[in-house]
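**Q** This is the content of coords-v4.pdb (PDB, C-alpha atoms):
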```
ATOM      1  CA  MET A   1       0.000   0.000   0.000
ATOM      2  CA  ARG A   2       1.264   3.479  -0.847
ATOM      3  CA  ARG A   3       0.150   6.978   0.076
ATOM      4  CA  PHE A   4       0.324   9.946  -2.262
ATOM      5  CA  ARG A   5      -0.696  13.556  -1.928
ATOM      6  CA  LEU A   6       1.734  15.353  -4.252
ATOM      7  CA  ILE A   7       4.654  13.317  -5.517
ATOM      8  CA  ARG A   8       7.868  14.954  -6.628
ATOM      9  CA  ARG A   9      10.619  12.383  -6.670
ATOM     10  CA  VAL A  10      14.115  13.846  -6.958
ATOM     11  CA  THR A  11      17.105  11.856  -8.205
ATOM     12  CA  ALA A  12      19.708  11.002  -5.564
ATOM     13  CA  ALA A  13      22.304  13.495  -6.781
ATOM     14  CA  ALA A  14      19.726  16.201  -7.203
ATOM     15  CA  ALA A  15      18.366  15.572  -3.718
ATOM     16  CA  LEU A  16      21.723  16.444  -2.179
ATOM     17  CA  ALA A  17      21.919  19.634  -4.190
ATOM     18  CA  LEU A  18      18.343  20.525  -3.401
ATOM     19  CA  GLY A  19      18.987  20.111   0.311
ATOM     20  CA  ALA A  20      21.903  22.518   0.106
ATOM     21  CA  LEU A  21      19.927  25.056  -1.909
ATOM     22  CA  ALA A  22      16.552  24.681  -0.212
ATOM     23  CA  VAL A  23      16.374  28.344   0.757
ATOM     24  CA  TRP A  24      16.569  29.492  -2.876
ATOM     25  CA  PRO A  25      13.486  30.036  -5.029
ATOM     26  CA  LEU A  26      12.313  27.149  -7.235
ATOM     27  CA  VAL A  27      10.793  27.336 -10.708
ATOM     28  CA  LEU A  28       8.978  24.147 -11.729
ATOM     29  CA  GLU A  29       7.711  23.021 -15.129
ATOM     30  CA  ALA A  30       5.670  19.838 -15.599
ATOM     31  CA  ILE A  31       3.405  17.774 -17.813
ATOM     32  CA  LEU A  32      -0.218  18.881 -17.857
ATOM     33  CA  VAL A  33      -2.678  15.971 -17.584
ATOM     34  CA  ALA A  34      -6.361  16.418 -18.468
ATOM     35  CA  PRO A  35      -9.060  15.724 -17.509
ATOM     36  CA  HIS A  36      -8.500  15.130 -13.785
ATOM     37  CA  ALA A  37     -11.201  12.427 -13.707
ATOM     38  CA  VAL A  38     -11.954   9.811 -16.373
ATOM     39  CA  PHE A  39     -15.304   8.016 -16.662
ATOM     40  CA  MET A  40     -15.752   4.884 -18.778
ATOM     41  CA  ASP A  41     -18.787   2.690 -19.335
ATOM     42  CA  HIS A  42     -19.361  -0.914 -20.280
ATOM     43  CA  ARG A  43     -20.869  -0.057 -23.663
ATOM     44  CA  SER A  44     -17.929   1.785 -25.206
ATOM     45  CA  ARG A  45     -15.181   0.450 -22.881
ATOM     46  CA  THR A  46     -12.916   3.303 -23.999
ATOM     47  CA  GLY A  47     -11.613   6.583 -22.643
ATOM     48  CA  GLN A  48      -8.794   9.011 -23.188
ATOM     49  CA  VAL A  49      -6.380  11.311 -21.409
ATOM     50  CA  PHE A  50      -4.504  14.289 -22.848
ATOM     51  CA  LEU A  51      -0.874  15.063 -22.012
ATOM     52  CA  VAL A  52       0.696  18.439 -22.765
ATOM     53  CA  ASN A  53       4.350  19.286 -22.294
ATOM     54  CA  THR A  54       4.302  22.798 -20.827
ATOM     55  CA  SER A  55       8.069  22.953 -20.334
ATOM     56  CA  ASP A  56      10.747  24.099 -22.761
ATOM     57  CA  THR A  57      12.557  20.742 -22.786
ATOM     58  CA  PRO A  58      11.567  17.256 -24.010
ATOM     59  CA  GLU A  59       9.722  15.117 -21.469
ATOM     60  CA  GLU A  60       9.498  11.344 -21.236
ATOM     61  CA  VAL A  61       6.101  10.311 -19.850
ATOM     62  CA  SER A  62       4.903   6.884 -18.700
ATOM     63  CA  ILE A  63       1.333   5.877 -17.830
ATOM     64  CA  ASP A  64       0.476   3.282 -15.196
ATOM     65  CA  LEU A  65      -2.813   2.165 -13.675
ATOM     66  CA  THR A  66      -3.012   1.216 -10.001
ATOM     67  CA  TYR A  67      -5.999   0.563  -7.776
ATOM     68  CA  GLY A  68      -6.591   3.440  -5.402
ATOM     69  CA  TYR A  69      -9.113   5.735  -3.758
ATOM     70  CA  PRO A  70      -9.290   8.664  -1.296
ATOM     71  CA  ALA A  71      -8.762   7.710   2.349
ATOM     72  CA  THR A  72      -8.077   9.544   5.606
ATOM     73  CA  ASP A  73      -5.247   9.199   8.079
ATOM     74  CA  SER A  74      -5.435   9.472  11.874
ATOM     75  CA  SER A  75      -5.399  13.286  11.669
ATOM     76  CA  GLY A  76      -8.440  13.340   9.374
ATOM     77  CA  THR A  77      -6.355  14.425   6.384
ATOM     78  CA  ILE A  78      -7.291  13.105   2.952
ATOM     79  CA  TYR A  79      -4.757  11.216   0.851
ATOM     80  CA  ILE A  80      -4.817   8.809  -2.093
ATOM     81  CA  LYS A  81      -4.381   5.219  -0.945
ATOM     82  CA  LEU A  82      -2.750   3.103  -3.649
ATOM     83  CA  VAL A  83      -2.942  -0.687  -3.445
ATOM     84  CA  ASP A  84      -0.641  -2.621  -5.751
ATOM     85  CA  GLN A  85      -2.353  -5.973  -5.217
ATOM     86  CA  PRO A  86      -5.986  -5.485  -4.149
ATOM     87  CA  ASP A  87      -7.888  -8.554  -3.028
ATOM     88  CA  SER A  88     -10.916  -9.874  -4.899
ATOM     89  CA  SER A  89     -13.367  -7.959  -2.711
ATOM     90  CA  GLU A  90     -12.119  -4.607  -3.982
ATOM     91  CA  PRO A  91     -13.755  -3.073  -7.121
ATOM     92  CA  SER A  92     -10.486  -2.672  -8.983
ATOM     93  CA  ALA A  93     -10.307  -1.923 -12.703
ATOM     94  CA  ALA A  94      -6.530  -1.520 -12.705
ATOM     95  CA  GLY A  95      -5.853  -5.052 -13.956
ATOM     96  CA  TRP A  96      -8.007  -4.842 -17.081
ATOM     97  CA  VAL A  97      -7.799  -1.239 -18.270
ATOM     98  CA  LYS A  98      -4.786  -0.569 -20.475
ATOM     99  CA  ALA A  99      -3.254   2.673 -21.741
ATOM    100  CA  TYR A 100      -1.988   3.183 -25.323
ATOM    101  CA  PRO A 101       0.732   4.356 -25.587
ATOM    102  CA  ARG A 102       2.146   3.604 -22.161
ATOM    103  CA  ARG A 103       5.275   5.652 -22.861
ATOM    104  CA  ALA A 104       5.958   8.689 -24.995
ATOM    105  CA  VAL A 105       8.510  11.454 -25.406
ATOM    106  CA  LEU A 106       6.885  14.845 -25.804
ATOM    107  CA  ALA A 107       8.637  17.799 -27.380
ATOM    108  CA  PRO A 108       8.093  21.233 -25.820
ATOM    109  CA  GLY A 109       4.475  22.242 -26.365
ATOM    110  CA  GLN A 110       3.524  18.850 -27.835
ATOM    111  CA  ARG A 111       0.165  17.260 -27.024
ATOM    112  CA  GLN A 112      -0.324  13.490 -26.791
ATOM    113  CA  VAL A 113      -3.588  11.548 -26.626
ATOM    114  CA  VAL A 114      -3.462   8.436 -24.434
ATOM    115  CA  ARG A 115      -6.284   6.041 -25.232
ATOM    116  CA  LEU A 116      -7.727   3.747 -22.587
ATOM    117  CA  LEU A 117      -9.199   0.358 -23.441
ATOM    118  CA  ALA A 118     -11.040  -1.894 -20.990
ATOM    119  CA  THR A 119     -11.183  -5.675 -21.336
ATOM    120  CA  PRO A 120     -13.156  -6.637 -18.206
ATOM    121  CA  PRO A 121     -13.921 -10.220 -17.164
ATOM    122  CA  ALA A 122     -16.928 -11.764 -18.900
ATOM    123  CA  ASP A 123     -18.700 -12.295 -15.574
ATOM    124  CA  LEU A 124     -18.180  -8.734 -14.320
ATOM    125  CA  ALA A 125     -21.021  -7.798 -11.975
ATOM    126  CA  ASP A 126     -22.935  -4.536 -12.244
ATOM    127  CA  GLY A 127     -21.319  -1.687 -10.378
ATOM    128  CA  GLU A 128     -18.526   0.852 -10.465
ATOM    129  CA  TYR A 129     -14.853  -0.122 -10.629
ATOM    130  CA  TRP A 130     -11.924   2.146  -9.840
ATOM    131  CA  SER A 131      -8.339   2.810 -10.719
ATOM    132  CA  ARG A 132      -5.872   5.652 -10.521
ATOM    133  CA  ILE A 133      -4.018   6.772 -13.628
ATOM    134  CA  ILE A 134      -0.449   7.728 -12.757
ATOM    135  CA  ALA A 135       1.388   9.893 -15.291
ATOM    136  CA  THR A 136       5.108  10.022 -14.506
ATOM    137  CA  SER A 137       7.265  12.543 -16.339
ATOM    138  CA  ARG A 138      11.041  12.514 -16.417
ATOM    139  CA  GLY A 139      13.310  15.213 -17.705
ATOM    140  CA  SER A 140      11.762  18.165 -15.882
ATOM    141  CA  LYS A 141      14.162  20.669 -14.447
ATOM    142  CA  VAL A 142      13.915  22.742 -11.316
ATOM    143  CA  ALA A 143      15.865  25.966 -11.778
ATOM    144  CA  VAL A 144      17.490  26.866  -8.472
ATOM    145  CA  VAL A 145      18.909  30.384  -8.451
ATOM    146  CA  SER A 146      20.748  32.321  -5.752
ATOM    147  CA  GLY A 147      19.838  35.973  -5.921
ATOM    148  CA  GLU A 148      23.005  36.965  -4.046
ATOM    149  CA  SER A 149      25.709  34.922  -5.718
ATOM    150  CA  GLY A 150      24.193  34.474  -9.173
ATOM    151  CA  VAL A 151      24.875  30.732  -8.934
ATOM    152  CA  SER A 152      22.258  28.555 -10.660
ATOM    153  CA  ALA A 153      21.659  24.852 -10.954
ATOM    154  CA  GLY A 154      19.249  22.605 -12.809
ATOM    155  CA  LEU A 155      17.868  19.640 -10.872
ATOM    156  CA  ALA A 156      16.260  16.686 -12.662
ATOM    157  CA  LEU A 157      12.888  15.653 -11.267
ATOM    158  CA  GLU A 158      10.504  12.761 -11.645
ATOM    159  CA  LEU A 159       6.986  14.185 -11.373
ATOM    160  CA  ARG A 160       3.808  12.181 -10.864
ATOM    161  CA  THR A 161       0.270  13.287 -11.531
ATOM    162  CA  ILE A 162      -2.496  11.012 -10.244
ATOM    163  CA  ILE A 163      -6.048  11.203 -11.601
ATOM    164  CA  SER A 164      -9.092   9.033 -11.040
ATOM    165  CA  LEU A 165     -10.718   6.492 -13.358
ATOM    166  CA  SER A 166     -14.245   5.144 -12.857
ATOM    167  CA  TYR A 167     -15.660   2.281 -14.924
ATOM    168  CA  ARG A 168     -19.405   1.692 -14.729
ATOM    169  CA  LYS A 169     -21.420  -1.329 -15.758
ATOM    170  CA  GLY A 170     -25.184  -1.775 -15.611
ATOM    171  CA  GLU A 171     -27.173  -0.356 -12.710
ATOM    172  CA  VAL A 172     -25.048   1.923 -10.561
ATOM    173  CA  HIS A 173     -26.265   3.945  -7.612
ATOM    174  CA  THR A 174     -24.818   5.761  -4.647
ATOM    175  CA  GLY A 175     -25.719   7.546  -1.446
ATOM    176  CA  LEU A 176     -24.142   8.978   1.656
ATOM    177  CA  ASP A 177     -24.470   8.550   5.424
ATOM    178  CA  LEU A 178     -22.990  11.280   7.632
ATOM    179  CA  THR A 179     -22.470  10.566  11.329
ATOM    180  CA  ASP A 180     -20.358  11.696  14.279
ATOM    181  CA  LEU A 181     -20.517  15.375  13.321
ATOM    182  CA  ARG A 182     -18.506  17.469  15.781
ATOM    183  CA  ALA A 183     -17.532  21.133  15.658
ATOM    184  CA  ALA A 184     -15.434  23.114  18.119
ATOM    185  CA  GLN A 185     -13.357  26.252  18.229
ATOM    186  CA  GLU A 186      -9.594  25.877  18.262
ATOM    187  CA  GLY A 187      -7.913  29.277  18.431
ATOM    188  CA  ASP A 188      -9.138  31.346  15.493
ATOM    189  CA  SER A 189     -10.383  28.271  13.598
ATOM    190  CA  LEU A 190     -13.466  26.087  13.567
ATOM    191  CA  VAL A 191     -12.490  22.417  13.521
ATOM    192  CA  VAL A 192     -15.128  20.038  12.167
ATOM    193  CA  TRP A 193     -15.005  16.244  12.299
ATOM    194  CA  LEU A 194     -17.400  13.894  10.534
ATOM    195  CA  ARG A 195     -17.687  10.309   9.385
ATOM    196  CA  ALA A 196     -18.822   9.683   5.808
ATOM    197  CA  ASP A 197     -20.005   6.250   4.668
ATOM    198  CA  ARG A 198     -20.879   5.534   1.068
ATOM    199  CA  ARG A 199     -24.008   3.556   0.184
ATOM    200  CA  GLY A 200     -24.705   1.712  -3.055
ATOM    201  CA  ASN A 201     -22.292   0.196  -5.550
ATOM    202  CA  ALA A 202     -20.582   3.391  -6.763
ATOM    203  CA  ALA A 203     -18.552   6.233  -5.303
ATOM    204  CA  PHE A 204     -20.332   9.302  -3.970
ATOM    205  CA  LEU A 205     -19.180  12.511  -5.670
ATOM    206  CA  GLY A 206     -20.504  15.802  -4.401
ATOM    207  CA  THR A 207     -19.889  19.075  -2.627
ATOM    208  CA  LEU A 208     -19.894  19.753   1.102
ATOM    209  CA  THR A 209     -21.118  23.141   2.309
ATOM    210  CA  GLY A 210     -20.716  24.381   5.867
ATOM    211  CA  GLN A 211     -22.366  27.405   7.473
ATOM    212  CA  LEU A 212     -21.669  29.046  10.809
ATOM    213  CA  VAL A 213     -24.976  30.500  12.019
ATOM    214  CA  ASP A 214     -25.362  32.765  15.062
ATOM    215  CA  ALA A 215     -28.199  32.823  17.618
ATOM    216  CA  GLY A 216     -30.097  35.319  15.453
ATOM    217  CA  ASN A 217     -30.018  32.899  12.486
ATOM    218  CA  HIS A 218     -27.489  35.031  10.591
ATOM    219  CA  VAL A 219     -24.828  33.264   8.535
ATOM    220  CA  ARG A 220     -21.437  34.396   9.836
ATOM    221  CA  GLY A 221     -19.301  32.122   7.740
ATOM    222  CA  GLU A 222     -19.768  29.807   4.766
ATOM    223  CA  TRP A 223     -17.390  27.310   3.202
ATOM    224  CA  GLU A 224     -17.459  24.807   0.369
ATOM    225  CA  SER A 225     -15.334  21.757  -0.416
ATOM    226  CA  PRO A 226     -15.535  18.906  -2.954
ATOM    227  CA  LEU A 227     -16.253  15.503  -1.442
ATOM    228  CA  ALA A 228     -15.508  12.052  -2.869
ATOM    229  CA  VAL A 229     -16.417   9.002  -0.784
ATOM    230  CA  TYR A 230     -15.274   5.620  -2.091
ATOM    231  CA  HIS A 231     -14.744   3.896   1.248
ATOM    232  CA  SER A 232     -15.536   5.250   4.715
ATOM    233  CA  LEU A 233     -13.816   8.491   5.679
ATOM    234  CA  ASN A 234     -13.189  10.232   8.993
ATOM    235  CA  ARG A 235     -12.661  13.772   7.762
ATOM    236  CA  ARG A 236     -11.332  16.799   9.590
ATOM    237  CA  TYR A 237     -12.000  20.276   8.207
ATOM    238  CA  VAL A 238     -10.544  23.543   9.468
ATOM    239  CA  PHE A 239     -12.371  26.816   8.715
ATOM    240  CA  PRO A 240     -11.306  30.344   9.729
ATOM    241  CA  ILE A 241     -13.577  32.111  12.246
ATOM    242  CA  ASP A 242     -11.346  34.973  13.403
ATOM    243  CA  SER A 243     -14.117  37.521  12.726
ATOM    244  CA  ALA A 244     -16.850  35.689  14.688
ATOM    245  CA  ALA A 245     -17.912  37.339  17.952
ATOM    246  CA  PRO A 246     -18.171  35.222  21.105
ATOM    247  CA  GLY A 247     -21.511  33.511  21.592
ATOM    248  CA  HIS A 248     -23.705  30.544  20.792
ATOM    249  CA  TYR A 249     -23.615  29.228  17.209
ATOM    250  CA  SER A 250     -24.780  26.346  15.066
ATOM    251  CA  PHE A 251     -22.764  24.663  12.377
ATOM    252  CA  ARG A 252     -24.959  23.547   9.480
ATOM    253  CA  LEU A 253     -23.558  20.949   7.156
ATOM    254  CA  GLY A 254     -25.034  20.058   3.780
ATOM    255  CA  VAL A 255     -23.883  17.703   1.037
ATOM    256  CA  THR A 256     -25.277  17.531  -2.502
ATOM    257  CA  THR A 257     -24.201  15.791  -5.709
ATOM    258  CA  THR A 258     -23.328  19.055  -7.451
ATOM    259  CA  ARG A 259     -19.718  19.478  -8.575
ATOM    260  CA  SER A 260     -18.389  22.573 -10.317
ATOM    261  CA  ASP A 261     -15.150  20.851 -11.366
ATOM    262  CA  LEU A 262     -16.761  17.847 -13.103
ATOM    263  CA  ASP A 263     -19.240  17.378 -15.916
ATOM    264  CA  GLN A 264     -22.539  16.936 -14.100
ATOM    265  CA  HIS A 265     -23.446  14.256 -16.644
ATOM    266  CA  HIS A 266     -20.969  11.940 -14.898
ATOM    267  CA  ILE A 267     -22.243  12.583 -11.367
ATOM    268  CA  LEU A 268     -24.595   9.948 -10.005
ATOM    269  CA  PRO A 269     -27.708  11.369  -8.292
ATOM    270  CA  ALA A 270     -28.298  10.888  -4.577
ATOM    271  CA  GLU A 271     -30.427  12.392  -1.856
ATOM    272  CA  PRO A 272     -28.933  15.525  -0.256
ATOM    273  CA  VAL A 273     -27.741  15.154   3.325
ATOM    274  CA  SER A 274     -27.845  17.788   6.075
ATOM    275  CA  ARG A 275     -26.720  17.847   9.699
ATOM    276  CA  THR A 276     -26.483  20.511  12.433
ATOM    277  CA  VAL A 277     -24.418  20.730  15.590
ATOM    278  CA  ASP A 278     -24.278  23.483  18.262
ATOM    279  CA  LEU A 279     -21.093  25.072  19.588
ATOM    280  CA  GLU A 280     -19.790  28.000  21.614
ATOM    281  CA  ILE A 281     -17.244  30.540  20.390
ATOM    282  CA  ARG A 282     -15.268  32.264  23.097
TER     283      ARG A 282
END
```
Would you kindly transcribe this structure into structure tokens?
**A**
Amino acid sequence: MRRFRLIRRVTAAAALALGALAVWPLVLEAILVAPHAVFMDHRSRTGQVFLVNTSDTPEEVSIDLTYGYPATDSSGTIYIKLVDQPDSSEPSAAGWVKAYPRRAVLAPGQRQVVRLLATPPADLADGEYWSRIIATSRGSKVAVVSGESGVSAGLALELRTIISLSYRKGEVHTGLDLTDLRAAQEGDSLVVWLRADRRGNAAFLGTLTGQLVDAGNHVRGEWESPLAVYHSLNRRYVFPIDSAAPGHYSFRLGVTTTRSDLDQHHILPAEPVSRTVDLEIR
């Protein structure tokens, strides 16, 4: 099992140089990968990803598929859990979705289409199956420049971009259970904990909205965050409340299946969920 949030793997020699020059500004170029979520269905069994070299040097890019999904650690922080060898109970598509080409060298500014082809088992049950597409680029340079001495260095990086893939067959449905909602002030922040459990045979994709409401029913703060629930999550959110006066408040939580960053056509419908918890701000 592996954890990834943002992966920037530096070669051994470059790592030593980077440690010595860590206080200098960094300029980073990378491969652009789009879209950030791929949806495939059992009728067409195809998909595609676009790669664009935004740097001014050639980039070698490789594409791998690994089973993975969002999870939370003990601090309530989200990360992508990657499982190289999932057991048969997991809805993994990583073993039967292939990328063509798997490797390419892109000139500066060049765009490459990577086509995805699924060859699922003949007895595949209805439901949604998941994978993560990992695009690894090699050849990127980090320009490290000292403003005082004029010394510069170029460090070679291996950069990874991880996007989601969902494969749907037959009847797919989803839903969400929210429990254990807690909210409390910590310094100038509102810390919110909740447990999210997905229902159905597909991931829940939606948006979480939180409102801080005072005793007079006035909204004193409002926040929004995308939410993706594949397996159960114990999430921790931190919202600023430095401008809230002391007193009694309610925190109102709502979740809907609206996403501004995804084509709504790909979002499975589900009943909205709302919860409220009281708290004191000192």
**Q** Counting all atoms listed in the file, find residues at most 9 Å from (-7.2, 12.5, -0.7) (file frame) and give them as a list in words.
**A**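 The answer, in the requested form, is Phe4, Arg5, Tyr69, Pro70, Ala71, Thr72, Thr77, Ile78, Tyr79, Ile80, Lys81 and Ala228 of chain A.
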**Q** Do you know which residues the PyMOL selection byres ((chain A and resi 114) around 6) returns on this file, as a ChimeraX atom specification?
**A** /A:48-49,100-101,113,115
**Q** Write the residues of the selection above to a file with C-alpha atoms, as an mmCIF file, keeping the file's coordinate frame.
**A**
```cif
data_model
loop_
_atom_site.group_PDB
_atom_site.id
_atom_site.type_symbol
_atom_site.label_atom_id
_atom_site.label_comp_id
_atom_site.auth_asym_id
_atom_site.auth_seq_id
_atom_site.Cartn_x
_atom_site.Cartn_y
_atom_site.Cartn_z
ATOM 1 C CA GLN A 48 -8.794 9.011 -23.188
ATOM 2 C CA VAL A 49 -6.380 11.311 -21.409
ATOM 3 C CA TYR A 100 -1.988 3.183 -25.323
ATOM 4 C CA PRO A 101 0.732 4.356 -25.587
ATOM 5 C CA VAL A 113 -3.588 11.548 -26.626
ATOM 6 C CA ARG A 115 -6.284 6.041 -25.232
#
```
**Q** Spell out the residues picked by the PyMOL selection byres ((chain A and resi 179-190) around 7) here, as a ChimeraX atom specification.
**A** /A:177-178,191-196,238-242,277,279,281
**Q** Suppose you want the space between CA of Ala270 in chain A and CA of Gly68 in chain A; what is it in Å?
**A**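 CA of Gly68 in chain A lies at a distance of 23.0 Å from CA of Ala270 in chain A.
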**Q** Once the PyMOL selection byres ((chain A and resi 60) around 9) has been evaluated on this model, what residues remain selected, and can you format them as a list in words?
**A**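 For this structure, the PyMOL selection byres ((chain A and resi 60) around 9) resolves to Pro58, Glu59, Val61, Ser62, Arg103, Ala104, Val105, Leu106, Ala107, Thr136, Ser137, Arg138, Gly139 and Ser140 of chain A.
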**Q** Take the residues that were just selected and, keeping C-alpha atoms, output them as a CSV table (one decimal), keeping the file's coordinate frame.
**A**
```csv
chain,number,residue,atom,x,y,z
A,58,PRO,CA,11.6,17.3,-24.0
A,59,GLU,CA,9.7,15.1,-21.5
A,61,VAL,CA,6.1,10.3,-19.8
A,62,SER,CA,4.9,6.9,-18.7
A,103,ARG,CA,5.3,5.7,-22.9
A,104,ALA,CA,6.0,8.7,-25.0
A,105,VAL,CA,8.5,11.5,-25.4
A,106,LEU,CA,6.9,14.8,-25.8
A,107,ALA,CA,8.6,17.8,-27.4
A,136,THR,CA,5.1,10.0,-14.5
A,137,SER,CA,7.3,12.5,-16.3
A,138,ARG,CA,11.0,12.5,-16.4
A,139,GLY,CA,13.3,15.2,-17.7
A,140,SER,CA,11.8,18.2,-15.9
```
**Q** As a PyMOL selection string, please: the residues near Arg111 in chain A (cut-off 8 Å, all atoms listed in the file, same-chain neighbours under 5 positions excluded).
**A** chain A and resi 50-53+106
**Q** Go through A:Ile31, A:Val273, A:Ala93, A:Val255 and flag the residue nearest Tyr129 in chain A, using only C-alpha atoms for the distances.
**A**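 Ranking A:Ile31, A:Val273, A:Ala93, A:Val255 by distance to Tyr129 in chain A, first place goes to A:Ala93.
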**Q** To one decimal place in Å, what is the distance between CA of Ser44 in chain A and CA of Glu171 in chain A?
**A**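 So the answer is 15.7 Å.
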**Q** With a distance cut-off of 7 Å and all atoms listed in the file, select the neighbouring residues of Ala135 in chain A, excluding the residue or stretch itself and same-chain residues fewer than 4 positions from it, and output the selection as a ChimeraX atom specification.
**A** /A:61-64,160-162
**Q** Save the residues we just selected, C-alpha atoms, as a short mmCIF file (atom, residue, chain, number, x, y, z; two decimals), in the coordinates of the input?
**A**
```cif
data_model
loop_
_atom_site.label_atom_id
_atom_site.label_comp_id
_atom_site.auth_asym_id
_atom_site.auth_seq_id
_atom_site.Cartn_x
_atom_site.Cartn_y
_atom_site.Cartn_z
CA VAL A 61 6.10 10.31 -19.85
CA SER A 62 4.90 6.88 -18.70
CA ILE A 63 1.33 5.88 -17.83
CA ASP A 64 0.48 3.28 -15.20
CA ARG A 160 3.81 12.18 -10.86
CA THR A 161 0.27 13.29 -11.53
CA ILE A 162 -2.50 11.01 -10.24
#
```
**Q** Please return the centre and edge lengths, in Å to one decimal, of a box with edges along x, y and z that contains all listed atoms of range 203-217 of chain A, widened by 8 Å on every side, as JSON.
**A**
```
{"center_x": -24.3, "center_y": 20.8, "center_z": 6.0, "size_x": 27.5, "size_y": 45.1, "size_z": 39.3}
```
**Q** For CA of Lys98 in chain A and CA of Tyr167 in chain A, determine how far apart the two atoms are, in Å to one decimal place.
**A** 12.5 Å
**Q** I want to know what sits within 8 Å of Pro120 in chain A, based on only C-alpha atoms, with residues of the same chain fewer than 3 positions away left out; could you give that as a ChimeraX atom specification?
**A** /A:93,96-97,124
**Q** Residues within 7 Å of Phe204 in chain A, please, as a tab-separated table (two decimals) with C-alpha atoms, keeping the file's coordinate frame. Count all atoms listed in the file; anything in the same chain fewer than 2 positions from it doesn't count.
**A**
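Output contents, as saved in part_31.tsv:
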```
chain	number	residue	atom	x	y	z
A	174	THR	CA	-24.82	5.76	-4.65
A	175	GLY	CA	-25.72	7.55	-1.45
A	176	LEU	CA	-24.14	8.98	1.66
A	198	ARG	CA	-20.88	5.53	1.07
A	202	ALA	CA	-20.58	3.39	-6.76
A	206	GLY	CA	-20.50	15.80	-4.40
A	228	ALA	CA	-15.51	12.05	-2.87
A	229	VAL	CA	-16.42	9.00	-0.78
A	230	TYR	CA	-15.27	5.62	-2.09
```
**Q** Taking all atoms listed in the file into account, name the residue in A:Thr66, A:Ser164, A:Thr119, A:Ser131 that is nearest to His36 in chain A.
**A**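 Residue with the minimum atom-to-atom distance to His36 in chain A: A:Ser164.
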**Q** Would you kindly return, as a list in words, each protein, DNA or RNA residue with an atom no farther than 6 Å from any atom of range 218-227 of chain A, considering all atoms listed in the file and excluding same-chain residues fewer than 4 positions away?
**A** Leu205, Gly206, Thr207, Leu208, Thr209, Gly210, Gln211, Leu212, Val213 and Asp214 of chain A
**Q** May I ask which of the residues A:Gly76, A:Glu271, A:His266, A:Ser88 is the closest one to Tyr237 in chain A, counting all atoms listed in the file?
**A** A:Gly76
**Q** Which of these residues is nearest to Val83 in chain A, using only C-alpha atoms: A:Pro272, A:Leu157, A:Arg132, A:Asp126?
**A**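 Closest to Val83 in chain A of all the choices is A:Arg132.
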